[in-house]
$ cat my_file.tsv   # TSV, C-alpha atoms
chain	number	residue	atom	x	y	z
M	25	MET	CA	214.24	26.34	223.60
M	26	GLN	CA	217.73	26.44	225.07
M	27	ILE	CA	218.78	22.81	225.60
M	28	PHE	CA	221.92	21.53	227.36
M	29	ILE	CA	223.02	17.97	226.54
M	30	THR	CA	225.69	15.61	227.89
M	31	GLY	CA	226.71	12.50	225.96
M	32	GLY	CA	226.05	14.34	222.72
M	33	THR	CA	228.58	12.36	220.65
M	34	GLY	CA	227.16	8.96	221.61
M	35	LEU	CA	224.76	6.92	219.50
M	36	ILE	CA	221.58	8.40	220.97
M	37	GLY	CA	222.99	11.87	221.55
M	38	LYS	CA	224.12	12.47	217.96
M	39	HIS	CA	220.77	11.49	216.49
M	40	LEU	CA	218.84	13.43	219.12
M	41	ILE	CA	220.84	16.58	218.43
M	42	THR	CA	220.31	16.21	214.68
M	43	ARG	CA	216.58	15.97	215.40
M	44	LEU	CA	216.53	19.00	217.74
M	45	ALA	CA	219.10	21.37	216.24
M	46	PRO	CA	216.95	22.93	213.50
M	47	GLU	CA	214.36	24.12	216.03
M	48	HIS	CA	216.33	24.72	219.24
M	49	ASP	CA	219.61	26.18	220.52
M	50	ILE	CA	221.81	23.30	221.67
M	51	THR	CA	224.82	23.36	223.98
M	52	VAL	CA	226.80	20.12	224.39
M	53	LEU	CA	229.24	19.17	227.15
M	54	SER	CA	232.00	17.00	225.68
M	55	ARG	CA	235.42	15.83	226.85
M	56	SER	CA	236.72	16.56	223.34
M	57	GLU	CA	235.57	19.78	221.70
M	58	SER	CA	237.20	18.86	218.38
M	59	LYS	CA	235.51	15.44	218.29
M	60	ALA	CA	232.14	16.97	219.12
M	61	ARG	CA	232.45	19.73	216.51
M	62	ALA	CA	233.32	17.14	213.86
M	63	ALA	CA	230.35	14.94	214.75
M	64	LEU	CA	227.61	17.51	215.40
M	65	PRO	CA	225.82	20.21	213.38
M	66	ALA	CA	227.75	23.46	213.03
M	67	ALA	CA	225.16	25.49	214.95
M	68	VAL	CA	225.70	23.48	218.16
M	69	THR	CA	227.71	25.15	220.93
M	70	VAL	CA	230.32	22.87	222.51
M	71	ILE	CA	231.98	23.27	225.91
M	72	GLU	CA	234.57	21.01	227.53
M	73	ASN	CA	234.09	22.06	231.14
M	74	LEU	CA	230.83	22.54	233.03
M	75	ASP	CA	232.51	25.23	235.13
M	76	SER	CA	232.61	27.46	232.04
M	77	ILE	CA	228.95	28.31	232.68
M	78	ALA	CA	227.89	29.80	236.01
M	79	ASN	CA	224.41	28.28	236.19
M	80	PHE	CA	221.51	26.97	234.14
M	81	ASP	CA	219.37	30.11	234.36
M	82	ASP	CA	219.34	30.49	230.57
M	83	TYR	CA	218.37	26.88	229.82
M	84	ASP	CA	214.94	25.32	229.48
M	85	VAL	CA	215.87	21.63	229.33
M	86	ILE	CA	218.85	19.54	230.48
M	87	ILE	CA	219.30	16.12	228.84
M	88	ASN	CA	221.88	13.87	230.49
M	89	LEU	CA	223.05	10.95	228.33
M	90	ALA	CA	226.67	10.61	229.50
M	91	GLY	CA	228.13	7.31	230.64
M	92	GLU	CA	230.80	4.70	229.93
M	93	PRO	CA	229.40	1.89	227.73
M	94	ILE	CA	228.39	-0.87	230.12
M	95	ALA	CA	229.06	-3.96	228.01
M	96	ASP	CA	232.20	-3.00	226.05
M	97	LYS	CA	234.72	-4.43	228.52
M	98	ARG	CA	234.97	-7.10	231.22
M	99	TRP	CA	233.72	-5.91	234.60
M	100	THR	CA	236.97	-5.65	236.50
M	101	SER	CA	236.88	-3.64	239.71
M	102	GLN	CA	238.40	-0.72	237.81
M	103	GLN	CA	235.86	-0.97	234.98
M	104	LYS	CA	232.94	-1.16	237.41
M	105	HIS	CA	234.24	1.97	239.09
M	106	GLN	CA	234.47	3.72	235.70
M	107	ILE	CA	230.93	2.64	234.74
M	108	CYS	CA	229.57	4.05	237.99
M	109	GLN	CA	231.54	7.26	238.23
M	110	SER	CA	231.05	8.22	234.56
M	111	ARG	CA	227.32	8.34	235.34
M	112	TRP	CA	227.20	9.47	238.93
M	113	GLN	CA	229.79	12.26	238.73
M	114	VAL	CA	228.31	14.00	235.69
M	115	THR	CA	224.79	13.71	237.09
M	116	THR	CA	225.93	15.11	240.44
M	117	ALA	CA	227.59	18.07	238.70
M	118	LEU	CA	224.43	18.77	236.71
M	119	VAL	CA	222.07	18.64	239.69
M	120	THR	CA	224.43	20.87	241.68
M	121	LYS	CA	224.26	23.43	238.88
M	122	ILE	CA	220.46	23.10	238.63
M	123	ASN	CA	220.02	23.54	242.37
M	124	ALA	CA	222.23	26.65	242.27
M	125	SER	CA	220.18	28.30	239.51
M	126	ALA	CA	217.88	31.21	240.34
M	127	THR	CA	215.57	30.22	237.46
M	128	PRO	CA	216.30	26.53	236.92
M	129	PRO	CA	215.35	24.63	233.76
M	130	HIS	CA	211.77	23.36	233.70
M	131	THR	CA	212.83	19.83	232.69
M	132	PHE	CA	215.68	17.47	233.52
M	133	ILE	CA	215.79	14.27	231.42
M	134	SER	CA	218.41	11.87	232.72
M	135	GLY	CA	219.65	8.53	231.50
M	136	SER	CA	219.17	5.18	233.17
M	137	ALA	CA	218.67	1.66	231.83
M	138	ILE	CA	216.42	-1.36	232.19
M	139	GLY	CA	219.34	-2.80	234.14
M	140	TYR	CA	217.60	-1.01	237.01
M	141	TYR	CA	215.29	-4.02	237.31
M	142	GLY	CA	218.04	-6.63	237.29
M	143	ARG	CA	217.19	-10.10	236.03
M	144	GLN	CA	213.43	-10.63	235.94
M	145	GLY	CA	212.87	-13.85	233.98
M	146	ASP	CA	209.84	-13.93	231.69
M	147	LYS	CA	207.36	-11.90	233.73
M	148	PRO	CA	206.28	-8.57	232.17
M	149	VAL	CA	207.98	-5.64	233.89
M	150	THR	CA	206.50	-2.14	233.93
M	151	GLU	CA	207.61	1.01	235.74
M	152	ASN	CA	205.49	-0.14	238.70
M	153	ASN	CA	207.90	-2.98	239.46
M	154	THR	CA	208.97	-2.78	243.10
M	155	GLU	CA	211.13	-5.91	243.23
M	156	PRO	CA	214.37	-5.24	241.35
M	157	HIS	CA	216.96	-7.99	241.53
M	158	GLN	CA	219.91	-6.81	243.58
M	159	GLU	CA	222.92	-6.94	241.26
M	160	PHE	CA	225.48	-4.59	239.75
M	161	THR	CA	223.29	-3.10	237.02
M	162	HIS	CA	220.58	-2.29	239.56
M	163	GLU	CA	223.10	-0.65	241.89
M	164	VAL	CA	224.44	1.52	239.06
M	165	CYS	CA	221.01	2.65	237.86
M	166	GLN	CA	219.43	3.06	241.30
M	167	ARG	CA	222.12	5.50	242.45
M	168	TRP	CA	222.11	7.24	239.05
M	169	GLU	CA	218.37	7.85	239.34
M	170	GLN	CA	218.56	8.88	242.99
M	171	ILE	CA	221.08	11.60	242.16
M	172	ALA	CA	218.92	12.91	239.30
M	173	GLU	CA	215.80	13.04	241.44
M	174	THR	CA	217.39	15.38	243.97
M	175	VAL	CA	216.22	18.29	241.77
M	176	LYS	CA	212.53	17.31	241.81
M	177	GLN	CA	211.71	20.34	243.95
M	178	HIS	CA	213.08	22.66	241.26
M	179	CYS	CA	212.14	21.03	237.94
M	180	ARG	CA	210.39	18.11	236.30
M	181	VAL	CA	212.52	14.94	236.17
M	182	CYS	CA	212.15	12.15	233.60
M	183	LEU	CA	214.34	9.04	233.82
M	184	LEU	CA	215.14	7.03	230.68
M	185	ARG	CA	215.24	3.31	231.48
M	186	THR	CA	216.64	2.34	228.11
M	187	GLY	CA	216.75	-1.10	226.50
M	188	VAL	CA	218.96	-2.41	223.68
M	189	VAL	CA	219.05	0.33	221.02
M	190	LEU	CA	218.88	-0.93	217.43
M	191	ALA	CA	220.50	1.28	214.78
M	192	ALA	CA	221.79	1.01	211.24
M	193	GLU	CA	225.20	2.22	212.47
M	194	GLY	CA	226.67	1.80	215.93
M	195	GLY	CA	225.18	0.20	219.01
M	196	ALA	CA	224.68	-3.50	219.69
M	197	LEU	CA	224.00	-4.47	216.07
M	198	GLU	CA	227.37	-3.18	214.92
M	199	LYS	CA	229.06	-5.93	216.93
M	200	MET	CA	226.60	-8.58	215.78
M	201	ARG	CA	226.62	-7.97	212.03
M	202	LEU	CA	229.96	-9.50	211.04
M	203	PRO	CA	229.54	-12.91	212.76
M	204	PHE	CA	225.96	-13.13	211.48
M	205	LYS	CA	226.99	-12.23	207.94
M	206	LEU	CA	229.63	-14.95	208.14
M	207	GLY	CA	226.96	-17.45	209.17
M	208	LEU	CA	228.31	-17.66	212.73
M	209	GLY	CA	225.33	-16.14	214.52
M	210	GLY	CA	222.92	-17.91	216.80
M	211	PRO	CA	221.08	-17.78	220.13
M	212	ILE	CA	222.88	-17.05	223.38
M	213	GLY	CA	222.61	-19.54	226.22
M	214	SER	CA	219.14	-21.10	226.33
M	215	GLY	CA	217.76	-18.50	223.92
M	216	GLU	CA	214.62	-18.30	226.06
M	217	GLN	CA	215.65	-15.17	227.96
M	218	TYR	CA	213.75	-12.04	226.93
M	219	MET	CA	215.39	-9.09	225.20
M	220	SER	CA	213.88	-5.63	225.53
M	221	TRP	CA	214.87	-3.46	222.60
M	222	ILE	CA	214.03	-0.13	220.95
M	223	HIS	CA	214.74	1.30	217.50
M	224	LEU	CA	216.95	4.40	217.57
M	225	ASP	CA	214.26	6.51	215.89
M	226	ASP	CA	211.74	5.63	218.60
M	227	MET	CA	214.36	6.31	221.26
M	228	VAL	CA	214.93	9.82	219.93
M	229	GLU	CA	211.22	10.51	219.44
M	230	GLY	CA	210.52	9.18	222.94
M	231	ILE	CA	212.92	11.71	224.45
M	232	CYS	CA	211.33	14.50	222.41
M	233	PHE	CA	207.89	13.34	223.54
M	234	LEU	CA	208.91	13.50	227.20
M	235	MET	CA	210.47	16.91	226.68
M	236	ASP	CA	207.25	18.30	225.22
M	237	HIS	CA	204.67	16.62	227.48
M	238	PHE	CA	204.81	18.32	230.84
M	239	GLN	CA	202.48	15.83	232.52
M	240	CYS	CA	205.19	13.17	232.18
M	241	SER	CA	207.62	12.65	235.06
M	242	GLY	CA	209.50	9.89	236.85
M	243	PRO	CA	210.91	6.72	235.29
M	244	PHE	CA	209.96	5.65	231.76
M	245	ASN	CA	210.85	2.39	230.05
M	246	LEU	CA	212.35	3.29	226.67
M	247	THR	CA	211.69	-0.09	225.08
M	248	ALA	CA	209.43	-1.29	222.28
M	249	PRO	CA	206.03	-2.72	223.30
M	250	GLN	CA	206.94	-6.22	222.08
M	251	PRO	CA	210.04	-7.65	223.79
M	252	VAL	CA	211.11	-10.99	222.33
M	253	THR	CA	213.16	-13.98	223.40
M	254	ASN	CA	216.82	-14.02	222.42
M	255	LYS	CA	216.04	-16.91	220.06
M	256	ALA	CA	213.36	-14.86	218.26
M	257	PHE	CA	215.62	-11.79	218.21
M	258	VAL	CA	218.56	-13.53	216.53
M	259	SER	CA	216.25	-15.35	214.13
M	260	ALA	CA	214.70	-12.06	212.99
M	261	PHE	CA	218.15	-10.48	212.66
M	262	ALA	CA	219.45	-13.41	210.60
M	263	ASN	CA	216.38	-13.28	208.36
M	264	ALA	CA	216.93	-9.57	207.74
M	265	LEU	CA	220.49	-10.36	206.67
M	266	ASN	CA	219.46	-13.45	204.67
M	267	ARG	CA	221.85	-15.55	206.74
M	268	PRO	CA	221.43	-18.64	208.92
M	269	ALA	CA	221.53	-18.52	212.72
M	270	PHE	CA	222.65	-22.02	213.67
M	271	MET	CA	225.71	-21.32	215.83
M	272	PRO	CA	224.58	-21.00	219.45
M	273	MET	CA	226.81	-19.33	222.02
M	274	PRO	CA	226.86	-21.55	225.15
M	275	GLY	CA	226.49	-19.66	228.39
M	276	PHE	CA	229.78	-20.94	229.82
M	277	ALA	CA	231.67	-19.73	226.72
M	278	LEU	CA	230.16	-16.26	227.00
M	279	LYS	CA	231.17	-16.11	230.65
M	280	VAL	CA	234.75	-16.97	229.68
M	281	ILE	CA	234.72	-14.08	227.19
M	282	MET	CA	232.78	-11.45	229.16
M	283	GLY	CA	233.02	-12.55	232.79
M	284	GLU	CA	230.28	-11.23	235.08
M	285	ALA	CA	228.99	-8.92	232.31
M	286	ALA	CA	227.72	-12.02	230.47
M	287	ASP	CA	224.83	-12.17	232.93
M	288	MET	CA	223.22	-9.23	231.12
M	289	LEU	CA	222.86	-11.39	228.00
M	290	LEU	CA	222.10	-14.70	229.70
M	291	THR	CA	219.31	-13.51	231.99
M	292	GLY	CA	216.09	-11.94	230.82
M	293	GLN	CA	213.98	-8.82	231.15
M	294	ARG	CA	210.55	-8.59	229.55
M	295	VAL	CA	210.14	-4.83	229.87
M	296	ILE	CA	206.97	-3.01	228.79
M	297	PRO	CA	206.86	0.80	228.16
M	298	GLN	CA	203.58	1.16	229.99
M	299	LYS	CA	203.90	4.80	231.00
M	300	LEU	CA	204.83	5.94	227.50
M	301	LEU	CA	201.90	4.03	226.02
M	302	ASP	CA	199.53	5.44	228.63
M	303	ALA	CA	200.78	8.96	227.84
M	304	GLY	CA	199.90	8.49	224.17
M	305	PHE	CA	203.30	7.88	222.61
M	306	GLU	CA	203.09	5.92	219.35
M	307	PHE	CA	205.97	3.66	218.41
M	308	LYS	CA	207.04	3.64	214.77
M	309	PHE	CA	208.71	0.25	215.24
M	310	ASP	CA	206.74	-1.99	217.57
M	311	SER	CA	207.97	-5.33	216.20
M	312	VAL	CA	211.57	-6.45	215.96
M	313	GLU	CA	211.01	-7.53	212.35
M	314	GLN	CA	210.06	-3.95	211.44
M	315	ALA	CA	213.10	-2.62	213.27
M	316	PHE	CA	215.50	-4.96	211.48
M	317	ALA	CA	213.91	-4.23	208.12
M	318	ALA	CA	214.81	-0.58	208.71
M	319	THR	CA	218.32	-1.07	210.11
M	320	GLU	CA	219.43	-3.69	207.57
M	321	SER	CA	217.88	-2.26	204.40
$ encode --input "my_file.tsv" --output "structure tokens"
Amino acid sequence: MQIFITGGTGLIGKHLITRLAPEHDITVLSRSESKARAALPAAVTVIENLDSIANFDDYDVIINLAGEPIADKRWTSQQKHQICQSRWQVTTALVTKINASATPPHTFISGSAIGYYGRQGDKPVTENNTEPHQEFTHEVCQRWEQIAETVKQHCRVCLLRTGVVLAAEGGALEKMRLPFKLGLGGPIGSGEQYMSWIHLDDMVEGICFLMDHFQCSGPFNLTAPQPVTNKAFVSAFANALNRPAFMPMPGFALKVIMGEAADMLLTGQRVIPQKLLDAGFEFKFDSVEQAFAATES
């Protein structure tokens, strides 16, 4: 297939492209052609400007993974604007190009996040949830998804409501490893808030599954079937590193460091990938212990 990908140099994008490149023709939109060429397989085509292609008539699948990292910086007004526009603008440009195509792609897979649901406490949350908590992460994801779904009349749309991605390199664990290895790790806040996570391999295979299964459409939770409390998460991570986890991070201290963004870590979401499971997807890593055994080996 001819596949067009945004966000191809990010954590998920790079591994997805490595998975797809041997079998498919990949074109990647990147702000830096040199960076993308250095990071991606040689056979991948890289463009810096979407205007360099007239339409998507020659493409079968569009995969949209672009977006400013949401937790890397404090949520100033400027940073919130960047988080929103880095998602909304690219998605708008893609759907405009899809809508203008005479023979549009059959599938549009577009990023989102479990932040769509907002804080949900300890109740299990599936894609059928109709009561998202109104907060910044919901506003970002709701608009992001709404833009993507404007092409539903022309092609199949799948939305990736992604949890915390666990990987041997990059992602959330990269920031956690050093303090934990120094014996400075521990639960955040009460430690009772749920964390919904997914191993990078399952994330990539989940996207491939959605690409290949034409009966799948709409939002999908890209999270492992067994979310865990923050206390259980950090305990499993510390065990995998053979380190203690006795240094809790009080909620007020995290808010001093991260500001409003701290709420993402202090409030919980117990997200279940019900639609993926119902469609027959099999997770390789369904327990956090398995995932850490793989990332920390």
$ residues_around --input "my_file.tsv" --residues "range 245-252 of chain M" --least-positions-apart "6" --cutoff "9 Å" --atoms "only C-alpha atoms" --output "PDB file with C-alpha atoms, in the coordinates of the input"
ATOM      1  CA  ALA M 137     218.670   1.660 231.830  1.00  0.00           C
ATOM      2  CA  ILE M 138     216.420  -1.360 232.190  1.00  0.00           C
ATOM      3  CA  THR M 150     206.500  -2.140 233.930  1.00  0.00           C
ATOM      4  CA  GLU M 151     207.610   1.010 235.740  1.00  0.00           C
ATOM      5  CA  LEU M 183     214.340   9.040 233.820  1.00  0.00           C
ATOM      6  CA  LEU M 184     215.140   7.030 230.680  1.00  0.00           C
ATOM      7  CA  ARG M 185     215.240   3.310 231.480  1.00  0.00           C
ATOM      8  CA  THR M 186     216.640   2.340 228.110  1.00  0.00           C
ATOM      9  CA  GLY M 187     216.750  -1.100 226.500  1.00  0.00           C
ATOM     10  CA  VAL M 188     218.960  -2.410 223.680  1.00  0.00           C
ATOM     11  CA  VAL M 189     219.050   0.330 221.020  1.00  0.00           C
ATOM     12  CA  GLU M 216     214.620 -18.300 226.060  1.00  0.00           C
ATOM     13  CA  GLN M 217     215.650 -15.170 227.960  1.00  0.00           C
ATOM     14  CA  TYR M 218     213.750 -12.040 226.930  1.00  0.00           C
ATOM     15  CA  MET M 219     215.390  -9.090 225.200  1.00  0.00           C
ATOM     16  CA  SER M 220     213.880  -5.630 225.530  1.00  0.00           C
ATOM     17  CA  TRP M 221     214.870  -3.460 222.600  1.00  0.00           C
ATOM     18  CA  ILE M 222     214.030  -0.130 220.950  1.00  0.00           C
ATOM     19  CA  HIS M 223     214.740   1.300 217.500  1.00  0.00           C
ATOM     20  CA  ASP M 226     211.740   5.630 218.600  1.00  0.00           C
ATOM     21  CA  MET M 227     214.360   6.310 221.260  1.00  0.00           C
ATOM     22  CA  GLY M 230     210.520   9.180 222.940  1.00  0.00           C
ATOM     23  CA  ILE M 231     212.920  11.710 224.450  1.00  0.00           C
ATOM     24  CA  GLN M 293     213.980  -8.820 231.150  1.00  0.00           C
ATOM     25  CA  ARG M 294     210.550  -8.590 229.550  1.00  0.00           C
ATOM     26  CA  VAL M 295     210.140  -4.830 229.870  1.00  0.00           C
ATOM     27  CA  ILE M 296     206.970  -3.010 228.790  1.00  0.00           C
ATOM     28  CA  PRO M 297     206.860   0.800 228.160  1.00  0.00           C
ATOM     29  CA  GLN M 298     203.580   1.160 229.990  1.00  0.00           C
ATOM     30  CA  LYS M 299     203.900   4.800 231.000  1.00  0.00           C
ATOM     31  CA  LEU M 300     204.830   5.940 227.500  1.00  0.00           C
ATOM     32  CA  LEU M 301     201.900   4.030 226.020  1.00  0.00           C
ATOM     33  CA  PHE M 307     205.970   3.660 218.410  1.00  0.00           C
ATOM     34  CA  PHE M 309     208.710   0.250 215.240  1.00  0.00           C
ATOM     35  CA  ASP M 310     206.740  -1.990 217.570  1.00  0.00           C
ATOM     36  CA  SER M 311     207.970  -5.330 216.200  1.00  0.00           C
ATOM     37  CA  VAL M 312     211.570  -6.450 215.960  1.00  0.00           C
TER      38      VAL M 312
END
$ closest_residue --input "my_file.tsv" --among "M:Ser58, M:Asn88, M:Thr100, M:Asn263" --to "Ile27 in chain M" --atoms "only C-alpha atoms"
M:Asn88
$ residues_around --input "my_file.tsv" --residues "Ser321 in chain M" --least-positions-apart "3" --cutoff "10 Å" --atoms "all atoms listed in the file" --output "list in words"
Ala192, Ala264, Leu265, Phe316, Ala317 and Ala318 of chain M
$ atom_distance --input "my_file.tsv" --atom1 "CA of Glu313 in chain M" --atom2 "CA of Pro211 in chain M"
16.3 Å
$ residues_around --input "my_file.tsv" --residues "Arg43 in chain M" --least-positions-apart "4" --cutoff "12 Å" --atoms "only C-alpha atoms" --output "PyMOL selection string"
chain M and resi 36-39+47-50+64-65+224-232
$ atom_distance --input "my_file.tsv" --atom1 "CA of Glu173 in chain M" --atom2 "CA of Ile86 in chain M"
13.1 Å
$ residues_around --input "my_file.tsv" --residues "Pro203 in chain M" --least-positions-apart "3" --cutoff "12 Å" --atoms "only C-alpha atoms" --output "PyMOL selection string"
chain M and resi 197-200+206-210+258+261-262+265+267-273
$ closest_residue --input "my_file.tsv" --among "M:Ile94, M:Ile212, M:Met235, M:Leu278" --to "Ala256 in chain M" --atoms "only C-alpha atoms"
M:Ile212
$ atom_distance --input "my_file.tsv" --atom1 "CA of Ser136 in chain M" --atom2 "CA of Phe238 in chain M"
19.6 Å
$ closest_residue --input "my_file.tsv" --among "M:Gln144, M:Gln314, M:Gln102, M:Thr127" --to "Asp287 in chain M" --atoms "all atoms listed in the file"
M:Gln144
$ closest_residue --input "my_file.tsv" --among "M:Leu35, M:Ala117, M:Val52, M:Val85" --to "Val70 in chain M" --atoms "only C-alpha atoms"
M:Val52
$ closest_residue --input "my_file.tsv" --among "M:Leu40, M:Asn266, M:Val181, M:Phe160" --to "Ser101 in chain M" --atoms "all atoms listed in the file"
M:Phe160
$ closest_residue --input "my_file.tsv" --among "M:Val175, M:Ala260, M:Met288, M:Val164" --to "His105 in chain M" --atoms "all atoms listed in the file"
M:Val164
$ decode --input "my_file.tsv" --residues "range 104-115 of chain M" --atoms "C-alpha atoms" --output "compact mmCIF listing (two decimals), in the first residue's frame"
# COMPACT_ATOMS: atom_id res chain seq x y z
CA LYS M 104 -1.44 25.35 25.53
CA HIS M 105 -1.83 27.14 22.22
CA GLN M 106 1.12 25.18 20.78
CA ILE M 107 -0.29 21.86 22.05
CA CYS M 108 -3.62 22.58 20.39
CA GLN M 109 -2.46 24.05 17.11
CA SER M 110 0.24 21.41 16.51
CA ARG M 111 -2.61 18.86 16.43
CA TRP M 112 -5.49 20.81 14.98
CA GLN M 113 -3.63 22.54 12.14
CA VAL M 114 -1.98 19.42 10.74
CA THR M 115 -5.21 17.45 11.00
